[in-house]
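Here the structure comes first, spelled out in structure tokens, and everything after it is commentary.
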Amino acid sequence: METTVQINPNSIKFDENYGPIINGEMVEPVYGYIDAVNASTGEVLSKIGRCGKEEINQAVKAARAAFPVWSNTSIEERSILLNKIADVLEENQERLKMIESMDTGRAIHEFDADYSIAIQQFRYFASAIFTYYEGASRPVQNGYLITKKEPLGVCAQIIPWNVPMIMTAFKLAPALAAGNTIVLKPAEDACLSVLEFAKLVVGILPKGVLNVVPGYGKEAGQALIDHPDTDKLAFTGSTEVGRLVGKTAGERIIPVTLELGGKSPHIVFPDVDIDQAVENATFGYTSFNGQSCILGSRLFIHDDIYDEFVKKLIERAKQVKIGPPTDRSTRIASIINEKQGKRVLKYFDIAKKEGANILYGGNRVTVPGHEYGYFIEPTIIEAESGMRISQEEIFGPAVTVTRWNDVNEVIKMANSVDYGLAAGIMTGNLEQALGTANKLEAGSVWINSYFNFQTGAPFGGYKNSGVGREYSKEALDAYSQSKTIVAAYQLPPAGFFK
Ligand code: NAD
Ligand code: MN
């Protein structure tokens, strides 16, 4: 992918602090600020608002007030504004990528893909909205039938820290295109890029259409989902909080979109070129420092090639460069924070205790100048499919390897988890590839190329991985409701009710 000149991380100037953006302005939060921390060095980069009920009330009020006018703008106008947002994101991307790399601890080179996806997302919905309303009306005797799509209203959206700009784009683009107004709660661990982006975008949109309210999950997040005057909840993050969001939506009878965890199988057939397959598998489990709901975290390798494959997988792991996030040659950098770092390491202990075999890695390593960060080796664990290490989301650069012989058996193992977000298959045999893809319980299946995202293709989870689809036209359904209007040419004859 083409990249422009990298910005020097030392040249980045942050605002002294970032309050919530409400009704087009950055305002002072009532309860002050939270440190925004560089994940690998521990340096305080700036401060973000510690928002709570007060800010959420104001933000929902602003979004509510903006809704009547915004929902009546033409789709032409909304499309122009979405394209402007894409342009602004594109123009400012190098600076925003660097900010996001420092804030999250993820390797800078990965953000080329993140930002390309995010920019495309705004352009996609700027176009998709034109064709969304097409369609024939059902014929009606002596009258007309009109089915309209109307926006839902005020959308409450909560996003995690692993891919902040992708998440922002996934949430904002379809909601705005469909004519909704928004209160977005970014994650406390990484939202500087989102707030910098929001500062650029509020000038493009009418006041109150987009409000961004940072803060802790238990304060700002909880207040947002509990607020009685929103019309939609959208959440990406842990299954635990996702259940809470779903429960609240159920009580309030409003629609909900959930994108939760994953434990994606990656199945290797015996006909593959082993070097190529090892490369693809390594990319699949080390990207995002392993902090991704779509990580290819369970490798199922055919018995015929298992020994050679695993040997090469270990050799390849040794070459994955662990280093500072802002160094372009780094491939694995720092986990988001200490809590998550310790959680990953704890999973390796669990694995050992349940009899799994750590074939490579399993340790935290020190990167000079970044001693604060949790840098974790690419870790390869030989495990049985039923073990906790094979069932639960680790959210670190780790993969389990498991042997298989029979295709029906491997499909059964692949499906034997609570999650169903993504899956991978490697084989040159089309019948095997598509036959297996059909039987996998997963919202996205990538054959021969992991993380093969295509703008406009539905993305979302089966089973506990979530409810609803994003990234595609289906997201417009998730931010709209239908109204059927049936018009008869005239009143029925008098006496028809006898
Ligand atoms: P989390 O679910 O706690 O955080 C995600 C977002 O939800 C953040 O913005 C957070 O502030 C907010 N939040 C937290 N508690 C809330 C509440 N009670 N009400 C409303 N909002 C709330 O996730 P985490 O603690 O940062 O990570 C824990 C685990 O979640 C990870 O190890 C991983 O397994 C999973 N996770 C998944 C994704 C994903 O993309 N699906 C992203 C991040 C984390
Ligand atoms: Mn941070």
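Labels used: A, B, ... for chains in the order of the structure tokens, numbers from 1 for residues in each chain, and numbers from 1 for ligands as shown.
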Practice item. Identify, with DSSP run on backbone atoms, the residues in stretch 2-157 of chain A assigned to alpha helix (DSSP H), and express the list as JSON, numbers by chain. Key: {"A": [53, 54, 55, 56, 57, 58, 59, 60, 61, 62, 63, 64, 65, 66, 67, 68, 69, 70, 71, 75, 76, 77, 78, 79, 80, 81, 82, 83, 84, 85, 86, 87, 88, 89, 90, 91, 93, 94, 95, 96, 97, 98, 99, 100, 101, 102, 103, 104, 111, 112, 113, 114, 115, 116, 117, 118, 119, 120, 121, 122, 123, 124, 125, 126, 127, 128, 129, 130, 131, 132]}
Check your understanding: If you count only C-alpha atoms and all ligand atoms, which residues end up within 9 Å of ligand 1, as a PyMOL selection string?
Key -> chain A and resi 158-163+167+185-190+214-226+235-242+244-245+258-262+291-294+336+339-340+343-344+392-396+465-466
Exercise for review: List the neighbours of A:Tyr132 out to 10 Å using only C-alpha atoms; skip same-chain residues closer than 6 positions along the sequence, and give me the result as a ChimeraX atom specification.
Suggested key: /A:125,149,178,473-474,476-477
May I have the residues within 8 Å of ligand 2, computed using only C-alpha atoms and all ligand atoms, as a compact mmCIF listing (two decimals) with N, CA, C and O atoms, in the first residue's frame?
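Listed below is the output, selection_22.txt:
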```
# COMPACT_ATOMS: atom_id res chain seq x y z
N ALA A 36 -4.64 10.96 29.12
CA ALA A 36 -4.57 10.17 27.89
C ALA A 36 -3.13 9.68 27.77
O ALA A 36 -2.20 10.47 27.62
N VAL A 37 -2.96 8.37 27.87
CA VAL A 37 -1.63 7.80 28.07
C VAL A 37 -1.09 7.15 26.80
O VAL A 37 -1.81 6.46 26.09
N ASN A 38 0.18 7.38 26.52
CA ASN A 38 0.90 6.65 25.47
C ASN A 38 1.06 5.21 25.97
O ASN A 38 1.68 4.98 27.02
N ALA A 39 0.50 4.27 25.21
CA ALA A 39 0.42 2.88 25.70
C ALA A 39 1.78 2.24 25.90
O ALA A 39 1.93 1.34 26.74
N MET A 102 0.54 6.19 18.87
CA MET A 102 1.07 6.50 20.21
C MET A 102 0.04 6.17 21.29
O MET A 102 0.37 5.63 22.34
N ASP A 103 -1.20 6.51 21.02
CA ASP A 103 -2.26 6.35 22.01
C ASP A 103 -2.58 4.86 22.26
O ASP A 103 -2.75 4.43 23.40
N THR A 104 -2.63 4.08 21.17
CA THR A 104 -3.00 2.66 21.30
C THR A 104 -1.81 1.75 21.53
O THR A 104 -1.98 0.62 22.02
N GLY A 105 -0.61 2.17 21.11
CA GLY A 105 0.56 1.29 21.19
C GLY A 105 0.69 0.37 20.00
O GLY A 105 1.58 -0.47 19.96
N GLU A 188 -11.88 5.14 26.72
CA GLU A 188 -11.00 5.96 27.56
C GLU A 188 -9.52 5.68 27.30
O GLU A 188 -8.67 6.54 27.53
N ASP A 189 -9.19 4.48 26.81
CA ASP A 189 -7.79 4.13 26.61
C ASP A 189 -7.20 4.66 25.31
O ASP A 189 -5.98 4.72 25.17
N ALA A 190 -8.03 5.01 24.37
CA ALA A 190 -7.52 5.53 23.10
C ALA A 190 -8.60 6.29 22.36
O ALA A 190 -9.39 5.70 21.62
N CYS A 191 -8.64 7.61 22.58
CA CYS A 191 -9.63 8.40 21.84
C CYS A 191 -9.09 9.74 21.37
O CYS A 191 -9.83 10.57 20.88
N LEU A 192 -7.76 9.94 21.44
CA LEU A 192 -7.22 11.23 21.01
C LEU A 192 -7.42 11.45 19.51
O LEU A 192 -7.77 12.55 19.08
N ILE A 336 -2.53 -2.49 24.83
CA ILE A 336 -3.13 -1.20 25.18
C ILE A 336 -2.81 -0.72 26.60
O ILE A 336 -2.52 0.44 26.83
N ASN A 337 -2.82 -1.62 27.57
CA ASN A 337 -2.55 -1.20 28.96
C ASN A 337 -2.13 -2.40 29.80
O ASN A 337 -2.14 -3.56 29.33
```
Practice item. For A:Lys483, work out the shell of residues within 8 Å, counting only C-alpha atoms and skipping chain neighbours fewer than 3 positions away, then give it as a ChimeraX atom specification. Key: /A:147-150
Review point. Which neighbours of A:Gly460 fall inside 7 Å, counting only C-alpha atoms, when residues of the same chain fewer than 6 positions from it are skipped, and could you give them as a list in words?
Key: Glu259, Leu421, Gly443, Gly466, Gly468, Arg469 and Glu470 of chain A
Practice item. List every residue of stretch 313-445 of chain A that DSSP, applied to the backbone of this structure, places in strand (DSSP E or B), and write the result as a ChimeraX atom specification. Key: /A:322,332,334-335,357-360,364-365,374-376,379-382,398-404,422-426,444-445
For the residues in that selection, give me N, CA, C and O atoms as a compact mmCIF listing (two decimals), in the first residue's frame.
```
# COMPACT_ATOMS: atom_id res chain seq x y z
N ILE A 322 9.45 -7.22 17.03
CA ILE A 322 8.81 -6.54 18.15
C ILE A 322 9.57 -5.25 18.37
O ILE A 322 10.80 -5.27 18.48
N ILE A 332 4.99 -6.22 15.84
CA ILE A 332 4.25 -6.36 17.10
C ILE A 332 4.72 -5.26 18.03
O ILE A 332 5.93 -5.09 18.24
N SER A 334 2.99 -2.56 21.47
CA SER A 334 2.52 -2.67 22.85
C SER A 334 1.02 -2.92 22.96
O SER A 334 0.22 -2.32 22.26
N ILE A 335 0.68 -3.78 23.89
CA ILE A 335 -0.71 -4.00 24.28
C ILE A 335 -1.24 -2.69 24.87
O ILE A 335 -0.47 -1.88 25.38
N ASN A 357 0.52 -26.94 25.38
CA ASN A 357 1.97 -26.89 25.27
C ASN A 357 2.39 -25.61 24.53
O ASN A 357 2.07 -25.44 23.36
N ILE A 358 3.08 -24.72 25.25
CA ILE A 358 3.52 -23.49 24.59
C ILE A 358 4.77 -23.81 23.76
O ILE A 358 5.83 -24.08 24.30
N LEU A 359 4.60 -23.79 22.44
CA LEU A 359 5.69 -24.19 21.54
C LEU A 359 6.65 -23.04 21.28
O LEU A 359 7.82 -23.25 20.99
N TYR A 360 6.13 -21.83 21.36
CA TYR A 360 6.99 -20.66 21.16
C TYR A 360 6.37 -19.46 21.85
O TYR A 360 5.17 -19.30 21.87
N ARG A 364 6.51 -11.64 28.11
CA ARG A 364 6.57 -10.20 27.90
C ARG A 364 8.03 -9.86 27.59
O ARG A 364 8.93 -10.43 28.20
N VAL A 365 8.26 -8.98 26.65
CA VAL A 365 9.64 -8.56 26.37
C VAL A 365 9.79 -7.05 26.57
O VAL A 365 8.80 -6.32 26.52
N TYR A 374 3.41 -3.27 27.52
CA TYR A 374 3.35 -4.74 27.49
C TYR A 374 3.55 -5.22 26.06
O TYR A 374 2.63 -5.22 25.26
N PHE A 375 4.80 -5.58 25.76
CA PHE A 375 5.14 -6.13 24.45
C PHE A 375 5.15 -7.65 24.64
O PHE A 375 5.90 -8.15 25.49
N ILE A 376 4.36 -8.35 23.90
CA ILE A 376 4.24 -9.80 24.11
C ILE A 376 4.66 -10.55 22.86
O ILE A 376 4.27 -10.20 21.74
N THR A 379 2.96 -15.93 20.13
CA THR A 379 2.92 -17.12 20.97
C THR A 379 2.12 -18.23 20.30
O THR A 379 0.99 -18.00 19.84
N ILE A 380 2.75 -19.39 20.22
CA ILE A 380 2.12 -20.53 19.54
C ILE A 380 1.88 -21.63 20.58
O ILE A 380 2.80 -22.06 21.26
N ILE A 381 0.63 -22.02 20.70
CA ILE A 381 0.24 -22.95 21.75
C ILE A 381 -0.42 -24.18 21.15
O ILE A 381 -1.46 -24.06 20.46
N GLU A 382 0.18 -25.33 21.40
CA GLU A 382 -0.45 -26.58 20.94
C GLU A 382 -1.53 -26.95 21.94
O GLU A 382 -1.24 -27.11 23.14
N ALA A 398 -1.44 -14.33 19.97
CA ALA A 398 -1.30 -15.75 20.29
C ALA A 398 -2.22 -16.58 19.41
O ALA A 398 -3.29 -16.12 19.00
N VAL A 399 -1.77 -17.81 19.14
CA VAL A 399 -2.57 -18.71 18.31
C VAL A 399 -2.48 -20.13 18.87
O VAL A 399 -1.43 -20.53 19.38
N THR A 400 -3.58 -20.84 18.81
CA THR A 400 -3.51 -22.26 19.17
C THR A 400 -3.34 -23.06 17.88
O THR A 400 -3.83 -22.67 16.82
N VAL A 401 -2.61 -24.16 17.98
CA VAL A 401 -2.47 -25.07 16.83
C VAL A 401 -3.05 -26.42 17.22
O VAL A 401 -2.78 -26.94 18.31
N THR A 402 -3.87 -26.96 16.32
CA THR A 402 -4.57 -28.22 16.58
C THR A 402 -4.57 -29.03 15.29
O THR A 402 -4.74 -28.49 14.21
N ARG A 403 -4.36 -30.33 15.45
CA ARG A 403 -4.25 -31.24 14.32
C ARG A 403 -5.63 -31.73 13.88
O ARG A 403 -6.52 -31.90 14.70
N TRP A 404 -5.79 -31.93 12.56
CA TRP A 404 -7.04 -32.55 12.10
C TRP A 404 -6.79 -33.54 10.96
O TRP A 404 -5.80 -33.44 10.26
N ALA A 422 -15.54 -14.41 12.41
CA ALA A 422 -14.82 -14.62 11.16
C ALA A 422 -14.21 -16.02 11.14
O ALA A 422 -14.20 -16.72 12.16
N ALA A 423 -13.71 -16.40 9.96
CA ALA A 423 -13.02 -17.68 9.81
C ALA A 423 -12.13 -17.60 8.58
O ALA A 423 -12.38 -16.79 7.68
N GLY A 424 -11.10 -18.42 8.55
CA GLY A 424 -10.22 -18.48 7.39
C GLY A 424 -10.06 -19.92 6.93
O GLY A 424 -10.16 -20.86 7.73
N ILE A 425 -9.83 -20.06 5.62
CA ILE A 425 -9.60 -21.38 5.04
C ILE A 425 -8.44 -21.24 4.06
O ILE A 425 -8.38 -20.24 3.34
N MET A 426 -7.52 -22.20 4.07
CA MET A 426 -6.45 -22.17 3.07
C MET A 426 -6.43 -23.48 2.30
O MET A 426 -6.19 -24.54 2.87
N SER A 444 -17.97 -13.65 8.45
CA SER A 444 -17.04 -13.44 7.34
C SER A 444 -16.13 -14.65 7.22
O SER A 444 -15.58 -15.11 8.23
N VAL A 445 -15.97 -15.17 6.01
CA VAL A 445 -15.05 -16.29 5.79
C VAL A 445 -14.05 -15.86 4.71
O VAL A 445 -14.44 -15.47 3.61
```
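Considering only C-alpha atoms, the residue among A:Ala126, A:Val44, A:Ala107, A:Ile85 positioned nearest to A:Pro325 is A:Ala107.
When only C-alpha atoms are used to compute distances to A:Ala333, the closest of the residues A:Glu279, A:Glu110, A:Glu251, A:Glu308 turns out to be A:Glu110.
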Practice item. Please provide the set of residues having any atom within 8 Å of A:Tyr462, restricted to only C-alpha atoms, with same-chain residues fewer than 5 positions apart removed, written as a ChimeraX atom specification. Key: /A:419-421,441-443,467
Just all heavy atoms for this one: save the residues we selected as a PDB file, in the first residue's frame.
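Generated output (part_3.pdb):
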```pdb
ATOM      1  N   TYR A 419     -18.432 -17.994  19.870  1.00  0.00           N
ATOM      2  CA  TYR A 419     -18.316 -16.882  18.923  1.00  0.00           C
ATOM      3  C   TYR A 419     -18.527 -17.322  17.477  1.00  0.00           C
ATOM      4  O   TYR A 419     -18.470 -18.516  17.166  1.00  0.00           O
ATOM      5  CB  TYR A 419     -16.930 -16.254  19.046  1.00  0.00           C
ATOM      6  CG  TYR A 419     -16.658 -15.630  20.390  1.00  0.00           C
ATOM      7  CD1 TYR A 419     -15.690 -16.160  21.243  1.00  0.00           C
ATOM      8  CD2 TYR A 419     -17.357 -14.505  20.802  1.00  0.00           C
ATOM      9  CE1 TYR A 419     -15.424 -15.572  22.475  1.00  0.00           C
ATOM     10  CE2 TYR A 419     -17.100 -13.915  22.027  1.00  0.00           C
ATOM     11  CZ  TYR A 419     -16.135 -14.445  22.866  1.00  0.00           C
ATOM     12  OH  TYR A 419     -15.868 -13.862  24.068  1.00  0.00           O
ATOM     13  N   GLY A 420     -18.692 -16.342  16.583  1.00  0.00           N
ATOM     14  CA  GLY A 420     -18.824 -16.650  15.155  1.00  0.00           C
ATOM     15  C   GLY A 420     -18.640 -15.423  14.292  1.00  0.00           C
ATOM     16  O   GLY A 420     -19.477 -15.098  13.455  1.00  0.00           O
ATOM     17  N   LEU A 421     -17.525 -14.725  14.502  1.00  0.00           N
ATOM     18  CA  LEU A 421     -17.337 -13.480  13.763  1.00  0.00           C
ATOM     19  C   LEU A 421     -16.669 -13.708  12.405  1.00  0.00           C
ATOM     20  O   LEU A 421     -17.146 -13.247  11.385  1.00  0.00           O
ATOM     21  CB  LEU A 421     -16.514 -12.502  14.616  1.00  0.00           C
ATOM     22  CG  LEU A 421     -16.538 -11.038  14.181  1.00  0.00           C
ATOM     23  CD1 LEU A 421     -17.956 -10.531  13.991  1.00  0.00           C
ATOM     24  CD2 LEU A 421     -15.801 -10.174  15.194  1.00  0.00           C
ATOM     25  N   GLU A 441     -19.832 -21.443  10.990  1.00  0.00           N
ATOM     26  CA  GLU A 441     -20.718 -20.479  11.643  1.00  0.00           C
ATOM     27  C   GLU A 441     -19.948 -19.189  11.873  1.00  0.00           C
ATOM     28  O   GLU A 441     -19.385 -18.959  12.946  1.00  0.00           O
ATOM     29  CB  GLU A 441     -21.218 -21.061  12.966  1.00  0.00           C
ATOM     30  CG  GLU A 441     -22.104 -22.278  12.766  1.00  0.00           C
ATOM     31  CD  GLU A 441     -22.279 -23.146  14.010  1.00  0.00           C
ATOM     32  OE1 GLU A 441     -21.703 -22.818  15.070  1.00  0.00           O
ATOM     33  OE2 GLU A 441     -22.990 -24.162  13.912  1.00  0.00           O
ATOM     34  N   ALA A 442     -19.882 -18.354  10.845  1.00  0.00           N
ATOM     35  CA  ALA A 442     -19.108 -17.117  10.927  1.00  0.00           C
ATOM     36  C   ALA A 442     -19.665 -16.087   9.957  1.00  0.00           C
ATOM     37  O   ALA A 442     -20.104 -16.432   8.853  1.00  0.00           O
ATOM     38  CB  ALA A 442     -17.641 -17.388  10.593  1.00  0.00           C
ATOM     39  N   GLY A 443     -19.623 -14.832  10.361  1.00  0.00           N
ATOM     40  CA  GLY A 443     -20.152 -13.752   9.527  1.00  0.00           C
ATOM     41  C   GLY A 443     -19.262 -13.424   8.333  1.00  0.00           C
ATOM     42  O   GLY A 443     -19.734 -12.952   7.310  1.00  0.00           O
ATOM     43  N   VAL A 467     -24.993  -8.901  16.963  1.00  0.00           N
ATOM     44  CA  VAL A 467     -26.301  -8.780  16.321  1.00  0.00           C
ATOM     45  C   VAL A 467     -26.190  -7.684  15.277  1.00  0.00           C
ATOM     46  O   VAL A 467     -25.766  -6.569  15.587  1.00  0.00           O
ATOM     47  CB  VAL A 467     -27.382  -8.363  17.354  1.00  0.00           C
ATOM     48  CG1 VAL A 467     -28.727  -8.142  16.670  1.00  0.00           C
ATOM     49  CG2 VAL A 467     -27.510  -9.391  18.471  1.00  0.00           C
TER      50      VAL A 467
END
```
Got a sec: who's within 7 Å of A:Leu313, counting only C-alpha atoms, leaving out chain neighbours fewer than 4 positions off, as a PDB file with C-alpha atoms, in the first residue's frame?
```
ATOM      1  CA  VAL A 278       2.521 -19.882   7.256  1.00  0.00           C
ATOM      2  CA  PHE A 309       3.825 -26.382   9.137  1.00  0.00           C
ATOM      3  CA  ALA A 317       7.337 -16.167  14.661  1.00  0.00           C
TER       4      ALA A 317
END
```
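Closest approach to A:Ile48 from the set A:Leu145, A:Ile350, A:Val194, A:Ala437 is made by A:Val194, with distances taken over only C-alpha atoms.
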Exercise for review: Find the residue from A:Tyr115, A:Tyr450, A:Phe67, A:Tyr489 that sits nearest to A:Glu90; use only C-alpha atoms when measuring.
Suggested key: A:Tyr115
